[in-house]
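Text of entry_16.pdb (PDB, C-alpha atoms) as supplied:
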```pdb
MODEL        1
ATOM      1  CA  MET K 107       5.494 -17.685  13.945
ATOM      2  CA  GLY K 108       9.286 -17.805  14.172
ATOM      3  CA  ALA K 109      11.554 -15.364  15.952
ATOM      4  CA  ILE K 110      11.930 -11.877  14.527
ATOM      5  CA  ARG K 111      15.151 -11.687  12.537
ATOM      6  CA  LEU K 112      16.792  -8.275  12.629
ATOM      7  CA  GLY K 113      19.779  -9.135  10.454
ATOM      8  CA  ALA K 114      20.077  -9.035   6.668
ATOM      9  CA  LYS K 115      16.821  -9.321   4.743
ATOM     10  CA  PRO K 116      16.542 -12.480   2.623
ATOM     11  CA  LEU K 117      14.686 -10.958  -0.342
ATOM     12  CA  ARG K 118      16.475  -8.959  -3.020
ATOM     13  CA  TRP K 119      15.270  -7.853  -6.465
ATOM     14  CA  CYS K 120      16.891  -7.761  -9.885
ATOM     15  CA  HIS K 121      15.324  -4.762 -11.605
ATOM     16  CA  GLY K 122      16.917  -5.730 -14.937
ATOM     17  CA  CYS K 123      15.101  -9.085 -15.010
ATOM     18  CA  ASN K 124      12.299  -7.904 -12.676
ATOM     19  CA  LEU K 125      12.696 -11.023 -10.562
ATOM     20  CA  PRO K 126      12.933 -11.732  -6.835
ATOM     21  CA  ILE K 127      16.307 -13.137  -5.812
ATOM     22  CA  LEU K 128      17.001 -14.783  -2.458
ATOM     23  CA  GLU K 129      20.025 -13.359  -0.628
ATOM     24  CA  GLU K 130      22.330 -13.040  -3.672
ATOM     25  CA  ARG K 131      23.769  -9.588  -4.412
ATOM     26  CA  THR K 132      24.216 -10.503  -8.085
ATOM     27  CA  CYS K 133      21.447 -11.777 -10.350
ATOM     28  CA  PRO K 134      22.273 -15.321 -11.540
ATOM     29  CA  ILE K 135      20.485 -14.635 -14.848
ATOM     30  CA  CYS K 136      21.807 -11.263 -16.063
ATOM     31  CA  GLY K 137      24.748 -10.708 -13.689
ATOM     32  CA  GLY K 138      23.366  -7.324 -12.598
ATOM     33  CA  ASP K 139      23.258  -6.048  -9.042
ATOM     34  CA  THR K 140      20.247  -6.837  -6.887
ATOM     35  CA  ASP K 141      18.639  -4.437  -4.413
ATOM     36  CA  GLU K 142      17.421  -5.317  -0.945
ATOM     37  CA  VAL K 143      13.624  -5.280  -0.650
ATOM     38  CA  ASN K 144      12.384  -3.365   2.369
ATOM     39  CA  LEU K 145      10.437  -6.002   4.318
ATOM     40  CA  THR K 146       9.026  -6.051   7.813
ATOM     41  CA  PRO K 147      11.037  -8.547   9.894
ATOM     42  CA  PRO K 148      11.352 -11.472  10.072
ATOM     43  CA  GLY K 149      11.228 -11.552   6.249
ATOM     44  CA  ASP K 150       9.010 -14.647   5.996
ATOM     45  CA  CYS K 151       8.198 -14.267   2.293
ATOM     46  CA  ARG K 152       6.663 -16.580  -0.288
ATOM     47  CA  PRO K 153       5.251 -16.322  -3.814
ATOM     48  CA  ALA K 154       1.656 -15.128  -4.072
ATOM     49  CA  PHE K 155      -0.412 -17.951  -5.515
ATOM     50  CA  ILE K 156      -3.348 -17.483  -7.889
ATOM     51  CA  GLY K 157      -5.861 -17.634  -5.017
ATOM     52  CA  ASP K 158      -3.912 -14.938  -3.139
ATOM     53  CA  ILE K 159      -3.755 -12.736  -6.233
ATOM     54  CA  GLN K 160      -7.485 -13.095  -6.946
ATOM     55  CA  ARG K 161      -8.329 -12.283  -3.298
ATOM     56  CA  ILE K 162      -6.078  -9.183  -3.249
ATOM     57  CA  ARG K 163      -7.459  -7.935  -6.579
ATOM     58  CA  SER K 164     -11.003  -8.397  -5.299
ATOM     59  CA  LEU K 165     -10.193  -6.484  -2.093
ATOM     60  CA  ALA K 166      -8.617  -3.614  -4.061
ATOM     61  CA  ASP K 167     -11.660  -3.421  -6.352
ATOM     62  CA  ARG K 168     -14.034  -3.424  -3.362
ATOM     63  CA  GLN K 169     -12.089  -0.786  -1.421
ATOM     64  CA  PHE K 170     -10.956   1.583  -4.163
ATOM     65  CA  GLY K 171     -13.020   0.906  -7.300
ATOM     66  CA  ALA K 172     -13.364  -1.494 -10.219
ATOM     67  CA  GLY K 173     -10.099  -2.179 -12.052
ATOM     68  CA  CYS K 174      -7.838  -1.194  -9.147
ATOM     69  CA  GLY K 175      -6.951  -4.820  -8.394
ATOM     70  CA  ASP K 176      -5.528  -5.426 -11.874
ATOM     71  CA  LEU K 177      -3.461  -2.231 -11.615
ATOM     72  CA  LEU K 178      -2.104  -3.194  -8.193
ATOM     73  CA  LEU K 179      -1.228  -6.755  -9.272
ATOM     74  CA  PRO K 180      -0.821  -6.873 -13.074
ATOM     75  CA  GLU K 181      -1.012 -10.245 -14.845
ATOM     76  CA  ASP K 182       2.571 -10.047 -16.119
ATOM     77  CA  ARG K 183       4.233  -9.434 -12.727
ATOM     78  CA  ILE K 184       5.479 -11.675  -9.933
ATOM     79  CA  ALA K 185       3.965 -10.918  -6.532
ATOM     80  CA  ILE K 186       5.554 -11.858  -3.217
ATOM     81  CA  LEU K 187       3.771 -11.947   0.152
ATOM     82  CA  ASN K 188       5.701 -11.336   3.374
ATOM     83  CA  ARG K 189       4.027 -12.528   6.565
ATOM     84  CA  CYS K 190       4.346  -9.881   9.278
ATOM     85  CA  PRO K 191       3.860  -9.916  13.037
ATOM     86  CA  SER K 192       0.307  -8.819  13.841
ATOM     87  CA  LEU K 193      -2.576  -9.560  16.198
ATOM     88  CA  ASP K 194      -4.135 -11.500  13.342
ATOM     89  CA  ARG K 195      -3.023 -12.187   9.758
ATOM     90  CA  MET K 196      -0.938  -9.572   7.905
ATOM     91  CA  ASP K 197       0.946 -10.029   4.624
ATOM     92  CA  GLU K 198       2.968  -7.320   2.880
ATOM     93  CA  ILE K 199       2.515  -7.192  -0.904
ATOM     94  CA  VAL K 200       5.728  -6.897  -2.964
ATOM     95  CA  VAL K 201       5.667  -6.346  -6.747
ATOM     96  CA  ASP K 202       8.535  -5.068  -8.929
ATOM     97  CA  GLY K 203      10.729  -4.915  -5.808
ATOM     98  CA  ASP K 204       8.415  -2.376  -4.098
ATOM     99  CA  THR K 205       6.342  -3.000  -0.997
ATOM    100  CA  LEU K 206       2.945  -1.735  -2.159
ATOM    101  CA  GLY K 207       1.033  -2.225   1.065
ATOM    102  CA  ALA K 208      -0.337  -5.060   3.148
ATOM    103  CA  VAL K 209      -3.382  -7.272   3.373
ATOM    104  CA  ILE K 210      -4.554  -7.423   6.964
ATOM    105  CA  PHE K 211      -7.351  -9.202   8.732
ATOM    106  CA  ASP K 212      -8.879  -6.744  11.157
ATOM    107  CA  PRO K 213     -11.545  -8.660  13.152
ATOM    108  CA  PRO K 214     -13.990  -5.764  13.588
ATOM    109  CA  ASN K 215     -13.659  -4.606   9.969
ATOM    110  CA  ARG K 216     -12.765  -7.826   8.058
ATOM    111  CA  GLU K 217      -9.940  -8.287   5.561
ATOM    112  CA  LYS K 218      -8.634  -5.159   3.850
ATOM    113  CA  ILE K 219      -5.676  -3.622   2.042
ATOM    114  CA  VAL K 220      -3.568  -0.972   3.737
ATOM    115  CA  LEU K 221      -1.743   0.904   0.973
ATOM    116  CA  ARG K 222       1.650   2.518   0.892
ATOM    117  CA  PRO K 223       2.125   5.473  -1.479
ATOM    118  CA  SER K 224       3.750   3.220  -4.108
ATOM    119  CA  GLY K 225       0.655   0.994  -4.140
ATOM    120  CA  ALA K 226      -1.669   3.997  -4.307
ATOM    121  CA  ALA K 227       0.289   5.384  -7.277
ATOM    122  CA  ARG K 228      -0.446   2.250  -9.309
ATOM    123  CA  MET K 229      -4.207   2.607  -8.830
ATOM    124  CA  LEU K 230      -4.715   6.366  -8.553
ATOM    125  CA  ASN K 231      -6.221   6.962 -12.010
ATOM    126  CA  ALA K 232      -8.789   4.177 -11.521
ATOM    127  CA  MET K 233      -9.729   4.978  -7.919
ATOM    128  CA  THR K 234     -13.381   5.935  -7.478
ATOM    129  CA  THR K 235     -13.211   6.283  -3.690
ATOM    130  CA  GLY K 236     -10.657   6.853  -0.970
ATOM    131  CA  ARG K 237      -9.202  10.184  -2.157
ATOM    132  CA  VAL K 238      -8.718  13.161   0.157
ATOM    133  CA  VAL K 239      -7.209  16.421  -1.155
ATOM    134  CA  ALA K 240      -5.234  18.556   1.311
ATOM    135  CA  ASP K 241      -4.891  22.331   1.244
ATOM    136  CA  ARG K 242      -1.379  23.450   0.270
ATOM    137  CA  GLY K 243      -1.112  25.301   3.611
ATOM    138  CA  ALA K 244      -1.375  21.971   5.458
ATOM    139  CA  LEU K 245       1.416  20.267   3.488
ATOM    140  CA  PRO K 246       4.412  21.517   5.551
ATOM    141  CA  SER K 247       2.992  20.130   8.801
ATOM    142  CA  ILE K 248       1.901  16.881   7.121
ATOM    143  CA  SER K 249       5.436  16.405   5.743
ATOM    144  CA  LYS K 250       6.707  16.624   9.356
ATOM    145  CA  GLY K 251       4.377  13.823  10.449
ATOM    146  CA  SER K 252       1.249  15.704  11.520
ATOM    147  CA  ASN K 253      -2.240  14.467  10.732
ATOM    148  CA  LEU K 254      -4.465  16.327   8.296
ATOM    149  CA  MET K 255      -7.095  18.151  10.317
ATOM    150  CA  GLY K 256     -10.593  18.982   9.043
ATOM    151  CA  PRO K 257      -9.907  22.613   8.099
ATOM    152  CA  GLY K 258      -7.037  21.454   5.853
ATOM    153  CA  VAL K 259      -9.295  19.268   3.690
ATOM    154  CA  VAL K 260     -10.067  20.774   0.270
ATOM    155  CA  SER K 261     -12.213  17.833  -0.851
ATOM    156  CA  ALA K 262     -12.924  14.215   0.011
ATOM    157  CA  ASP K 263     -14.829  11.414  -1.675
ATOM    158  CA  GLU K 264     -18.245  11.357  -0.019
ATOM    159  CA  THR K 265     -18.248   7.540   0.027
ATOM    160  CA  ILE K 266     -15.381   7.483   2.568
ATOM    161  CA  GLN K 267     -16.469   6.113   5.944
ATOM    162  CA  LYS K 268     -14.733   6.541   9.303
ATOM    163  CA  ASP K 269     -11.768   4.108   9.538
ATOM    164  CA  ASP K 270     -11.559   3.601   5.740
ATOM    165  CA  ASP K 271      -8.090   3.572   4.219
ATOM    166  CA  ILE K 272      -7.508   6.716   2.167
ATOM    167  CA  VAL K 273      -4.967   8.272  -0.194
ATOM    168  CA  LEU K 274      -3.960  11.840   0.661
ATOM    169  CA  LEU K 275      -3.320  14.085  -2.357
ATOM    170  CA  SER K 276      -2.051  17.609  -2.917
ATOM    171  CA  GLU K 277      -4.234  20.013  -4.900
ATOM    172  CA  SER K 278      -2.058  19.230  -7.952
ATOM    173  CA  GLY K 279      -2.834  15.484  -7.610
ATOM    174  CA  GLU K 280       0.516  14.380  -6.137
ATOM    175  CA  ILE K 281       0.336  11.581  -3.563
ATOM    176  CA  ILE K 282       1.290  12.945  -0.142
ATOM    177  CA  GLY K 283       0.630   9.770   1.814
ATOM    178  CA  THR K 284      -1.871   7.151   2.848
ATOM    179  CA  GLY K 285      -3.781   6.788   6.065
ATOM    180  CA  LEU K 286      -6.954   6.070   7.957
ATOM    181  CA  ALA K 287      -9.998   8.355   7.829
ATOM    182  CA  LYS K 288     -11.000   9.625  11.262
ATOM    183  CA  MET K 289     -14.323  10.954   9.937
ATOM    184  CA  SER K 290     -16.514  10.304   6.914
ATOM    185  CA  GLY K 291     -15.881  11.954   3.569
ATOM    186  CA  ARG K 292     -19.162  13.835   3.909
ATOM    187  CA  GLU K 293     -18.044  15.245   7.288
ATOM    188  CA  MET K 294     -14.673  16.223   5.817
ATOM    189  CA  SER K 295     -16.283  17.976   2.842
ATOM    190  CA  THR K 296     -18.855  19.926   4.870
ATOM    191  CA  ARG K 297     -16.567  20.945   7.735
ATOM    192  CA  PRO K 298     -15.892  24.717   7.821
ATOM    193  CA  ARG K 299     -12.448  25.699   6.572
TER
ENDMDL
END
```

Written as structure tokens, that's how I'd like the structure from this file.
Amino acid sequence: MGAIRLGAKPLRWCHGCNLPILEERTCPICGGDTDEVNLTPPGDCRPAFIGDIQRIRSLADRQFGAGCGDLLLPEDRIAILNRCPSLDRMDEIVVDGDTLGAVIFDPPNREKIVLRPSGAARMLNAMTTGRVVADRGALPSISKGSNLMGPGVVSADETIQKDDDIVLLSESGEIIGTGLAKMSGREMSTRPR
């Protein structure tokens, strides 16, 4: 892999045309302004090919429930993959100018998707697993960077296993964040509050 580049990011996005634009601040099609896409350096991005898209959709369906893959990567959208520094393979997923998460190869656990809140928001209504609801009393400390501890869990999908990627929700259903389960959903649900 090449050197990490900490300068300007090469990928920009025209939200008017919903197209990726390389380095130009003005869209060559509509003349509108482009926005910088937040990428992990060095910004080694490429288009996602059909094989990549099928693999990512399949991973999303396996991890979060049937239909989640199509919501994460809709047919009518361009997807970009950004290769990131990692112990093994890691590619950020960019759609509509948003970094939705990353596909990583984790040798002990195999290939998986690590979501960002924007990726979770696309799939939330179809998710059948991976949801954890936090007590409203825990939200102030979570917003300051603390982890959700067992007593702050209102409910959790019982299919969640330790080290699964999860989506953390408020009691009203708002996405608070994403993370890694440190215990199973069953343990979270049965832990005294």

task = Identify all residues satisfying the PyMOL selection byres ((chain K and resi 198) around 9) in the given file; provide them as a VMD selection string.
result = chain K and resid 145 to 146 151 186 to 190 196 to 197 199 to 200 205 to 210

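Pairwise distance (atom CA of Arg292 of chain K, atom CA of Ile266 of chain K) equals 7.5 Å.
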
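With atom CA of Met294 of chain K on one side and atom CA of Ser261 of chain K on the other, the separation reads 7.3 Å.
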
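Picture a line from atom CA of Gly279 of chain K to atom CA of Met255 of chain K; it runs 18.6 Å.
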
query = Near Asp139 of chain K, counting only C-alpha atoms, which residues have an atom at most 10 Å away, once you skip same-chain residues fewer than 5 positions from it, shown as a ChimeraX atom specification?
reply = /K:118-122,130-134

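The shell of residues at most 12 Å from Arg161 of chain K, with all atoms listed in the file counted and near chain neighbours (fewer than 6 positions) removed, consists of Ala154, Phe155, Asp167, Arg168, Gly175, Asp176, Leu179, Val209, Ile210, Glu217, Lys218 and Ile219 of chain K.
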
message = Report as an MDAnalysis selection string all protein, DNA and RNA residues lying within 12 Å of Asp182 of chain K, evaluated on all atoms listed in the file, omitting residues in the same chain fewer than 5 positions from it.
response = chainID K and resid 124:125 176:177 201:202

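Of the residues under consideration (K:Ile127, K:Leu275, K:Met289, K:Ala185), K:Ala185 shows the shortest atom-to-atom contact distance to Gln160 of chain K when counting all atoms listed in the file.
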
key: Picked residues, the PyMOL selection byres ((chain K and resi 281-287) around 7), as an MDAnalysis selection string   = chainID K and resid 221:223 268:276 279:280 288:290

remark   = Restricting to all atoms listed in the file, whichever of K:Val220, K:Leu165, K:Cys136, K:Val238 is closest to Glu293 of chain K is K:Val238

Expected axis-aligned box over every listed atom of segment 210-227 of chain K, 5 Å added per side, centre plus edges in Å to one decimal, as AutoDock Vina command-line options:
```
--center_x -5.1 --center_y -1.9 --center_z 3.2 --size_x 27.7 --size_y 24.7 --size_z 30.9
```

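Within 8 Å of segment 230-233 of chain K, once all atoms listed in the file are used and residues closer than 5 positions along the same chain are dropped, the contacting residues are Phe170, Gly171, Ala172, Gly173 and Cys174 of chain K.
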
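Between Pro191 of chain K and the residues K:Arg242, K:Asp212, K:Gly149, K:Ile156, the shortest atom-to-atom distance, using all atoms listed in the file, involves K:Gly149.
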
remark   = Val239 of chain K proximity check over K:Gly291, K:Gly251, K:Gln267, K:Arg216, using only C-alpha atoms: winner is K:Gly291

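Of the listed residues K:Pro257, K:Gly236, K:Gly157, K:Pro126, the one whose atoms come nearest to Glu142 of chain K is K:Pro126, with distances taken using all atoms listed in the file.
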
request  = List every protein, DNA or RNA residue that has an atom no more than 7 Å from (-3.4, 18.1, 6.2) in the file's coordinate frame, counting all atoms listed in the file, and report them as a PyMOL selection string.
outcome  = chain K and resi 240-241+244-245+248+253-255+258-259

With the input short on atoms, add N, CA and C atoms back to segment 152-172 of chain K and write it as a PDB file, in the coordinates of the input.
```
ATOM      1  N   ARG K 152       7.002 -15.465   0.602  1.00  0.00           N
ATOM      2  CA  ARG K 152       6.663 -16.580  -0.288  1.00  0.00           C
ATOM      3  C   ARG K 152       6.012 -16.012  -1.536  1.00  0.00           C
ATOM      4  N   PRO K 153       5.956 -16.795  -2.619  1.00  0.00           N
ATOM      5  CA  PRO K 153       5.251 -16.322  -3.814  1.00  0.00           C
ATOM      6  C   PRO K 153       3.753 -16.207  -3.535  1.00  0.00           C
ATOM      7  N   ALA K 154       3.117 -15.230  -4.139  1.00  0.00           N
ATOM      8  CA  ALA K 154       1.656 -15.128  -4.072  1.00  0.00           C
ATOM      9  C   ALA K 154       1.088 -16.109  -5.090  1.00  0.00           C
ATOM     10  N   PHE K 155       0.208 -16.970  -4.638  1.00  0.00           N
ATOM     11  CA  PHE K 155      -0.412 -17.951  -5.515  1.00  0.00           C
ATOM     12  C   PHE K 155      -1.657 -17.346  -6.160  1.00  0.00           C
ATOM     13  N   ILE K 156      -2.222 -18.033  -7.131  1.00  0.00           N
ATOM     14  CA  ILE K 156      -3.348 -17.483  -7.889  1.00  0.00           C
ATOM     15  C   ILE K 156      -4.518 -17.125  -6.974  1.00  0.00           C
ATOM     16  N   GLY K 157      -4.786 -17.943  -5.963  1.00  0.00           N
ATOM     17  CA  GLY K 157      -5.861 -17.634  -5.017  1.00  0.00           C
ATOM     18  C   GLY K 157      -5.581 -16.361  -4.239  1.00  0.00           C
ATOM     19  N   ASP K 158      -4.308 -16.165  -3.839  1.00  0.00           N
ATOM     20  CA  ASP K 158      -3.912 -14.938  -3.139  1.00  0.00           C
ATOM     21  C   ASP K 158      -4.116 -13.726  -4.040  1.00  0.00           C
ATOM     22  N   ILE K 159      -3.671 -13.850  -5.282  1.00  0.00           N
ATOM     23  CA  ILE K 159      -3.755 -12.736  -6.233  1.00  0.00           C
ATOM     24  C   ILE K 159      -5.212 -12.367  -6.505  1.00  0.00           C
ATOM     25  N   GLN K 160      -6.064 -13.366  -6.707  1.00  0.00           N
ATOM     26  CA  GLN K 160      -7.485 -13.095  -6.946  1.00  0.00           C
ATOM     27  C   GLN K 160      -8.122 -12.411  -5.734  1.00  0.00           C
ATOM     28  N   ARG K 161      -7.776 -12.864  -4.529  1.00  0.00           N
ATOM     29  CA  ARG K 161      -8.329 -12.283  -3.298  1.00  0.00           C
ATOM     30  C   ARG K 161      -7.886 -10.835  -3.139  1.00  0.00           C
ATOM     31  N   ILE K 162      -6.603 -10.544  -3.385  1.00  0.00           N
ATOM     32  CA  ILE K 162      -6.078  -9.183  -3.249  1.00  0.00           C
ATOM     33  C   ILE K 162      -6.696  -8.266  -4.302  1.00  0.00           C
ATOM     34  N   ARG K 163      -6.815  -8.745  -5.530  1.00  0.00           N
ATOM     35  CA  ARG K 163      -7.459  -7.935  -6.579  1.00  0.00           C
ATOM     36  C   ARG K 163      -8.906  -7.607  -6.206  1.00  0.00           C
ATOM     37  N   SER K 164      -9.608  -8.601  -5.698  1.00  0.00           N
ATOM     38  CA  SER K 164     -11.003  -8.397  -5.299  1.00  0.00           C
ATOM     39  C   SER K 164     -11.109  -7.375  -4.163  1.00  0.00           C
ATOM     40  N   LEU K 165     -10.206  -7.456  -3.193  1.00  0.00           N
ATOM     41  CA  LEU K 165     -10.193  -6.484  -2.093  1.00  0.00           C
ATOM     42  C   LEU K 165      -9.922  -5.076  -2.612  1.00  0.00           C
ATOM     43  N   ALA K 166      -8.947  -4.933  -3.504  1.00  0.00           N
ATOM     44  CA  ALA K 166      -8.617  -3.614  -4.061  1.00  0.00           C
ATOM     45  C   ALA K 166      -9.803  -3.040  -4.832  1.00  0.00           C
ATOM     46  N   ASP K 167     -10.480  -3.878  -5.609  1.00  0.00           N
ATOM     47  CA  ASP K 167     -11.660  -3.421  -6.352  1.00  0.00           C
ATOM     48  C   ASP K 167     -12.765  -2.978  -5.395  1.00  0.00           C
ATOM     49  N   ARG K 168     -12.979  -3.751  -4.330  1.00  0.00           N
ATOM     50  CA  ARG K 168     -14.034  -3.424  -3.362  1.00  0.00           C
ATOM     51  C   ARG K 168     -13.722  -2.125  -2.617  1.00  0.00           C
ATOM     52  N   GLN K 169     -12.463  -1.955  -2.215  1.00  0.00           N
ATOM     53  CA  GLN K 169     -12.089  -0.786  -1.421  1.00  0.00           C
ATOM     54  C   GLN K 169     -11.929   0.490  -2.229  1.00  0.00           C
ATOM     55  N   PHE K 170     -11.366   0.380  -3.438  1.00  0.00           N
ATOM     56  CA  PHE K 170     -10.956   1.583  -4.163  1.00  0.00           C
ATOM     57  C   PHE K 170     -11.612   1.770  -5.525  1.00  0.00           C
ATOM     58  N   GLY K 171     -12.328   0.767  -6.029  1.00  0.00           N
ATOM     59  CA  GLY K 171     -13.020   0.906  -7.300  1.00  0.00           C
ATOM     60  C   GLY K 171     -12.646  -0.181  -8.294  1.00  0.00           C
ATOM     61  N   ALA K 172     -13.559  -0.451  -9.208  1.00  0.00           N
ATOM     62  CA  ALA K 172     -13.364  -1.494 -10.219  1.00  0.00           C
ATOM     63  C   ALA K 172     -12.103  -1.230 -11.036  1.00  0.00           C
TER      64      ALA K 172
END
```
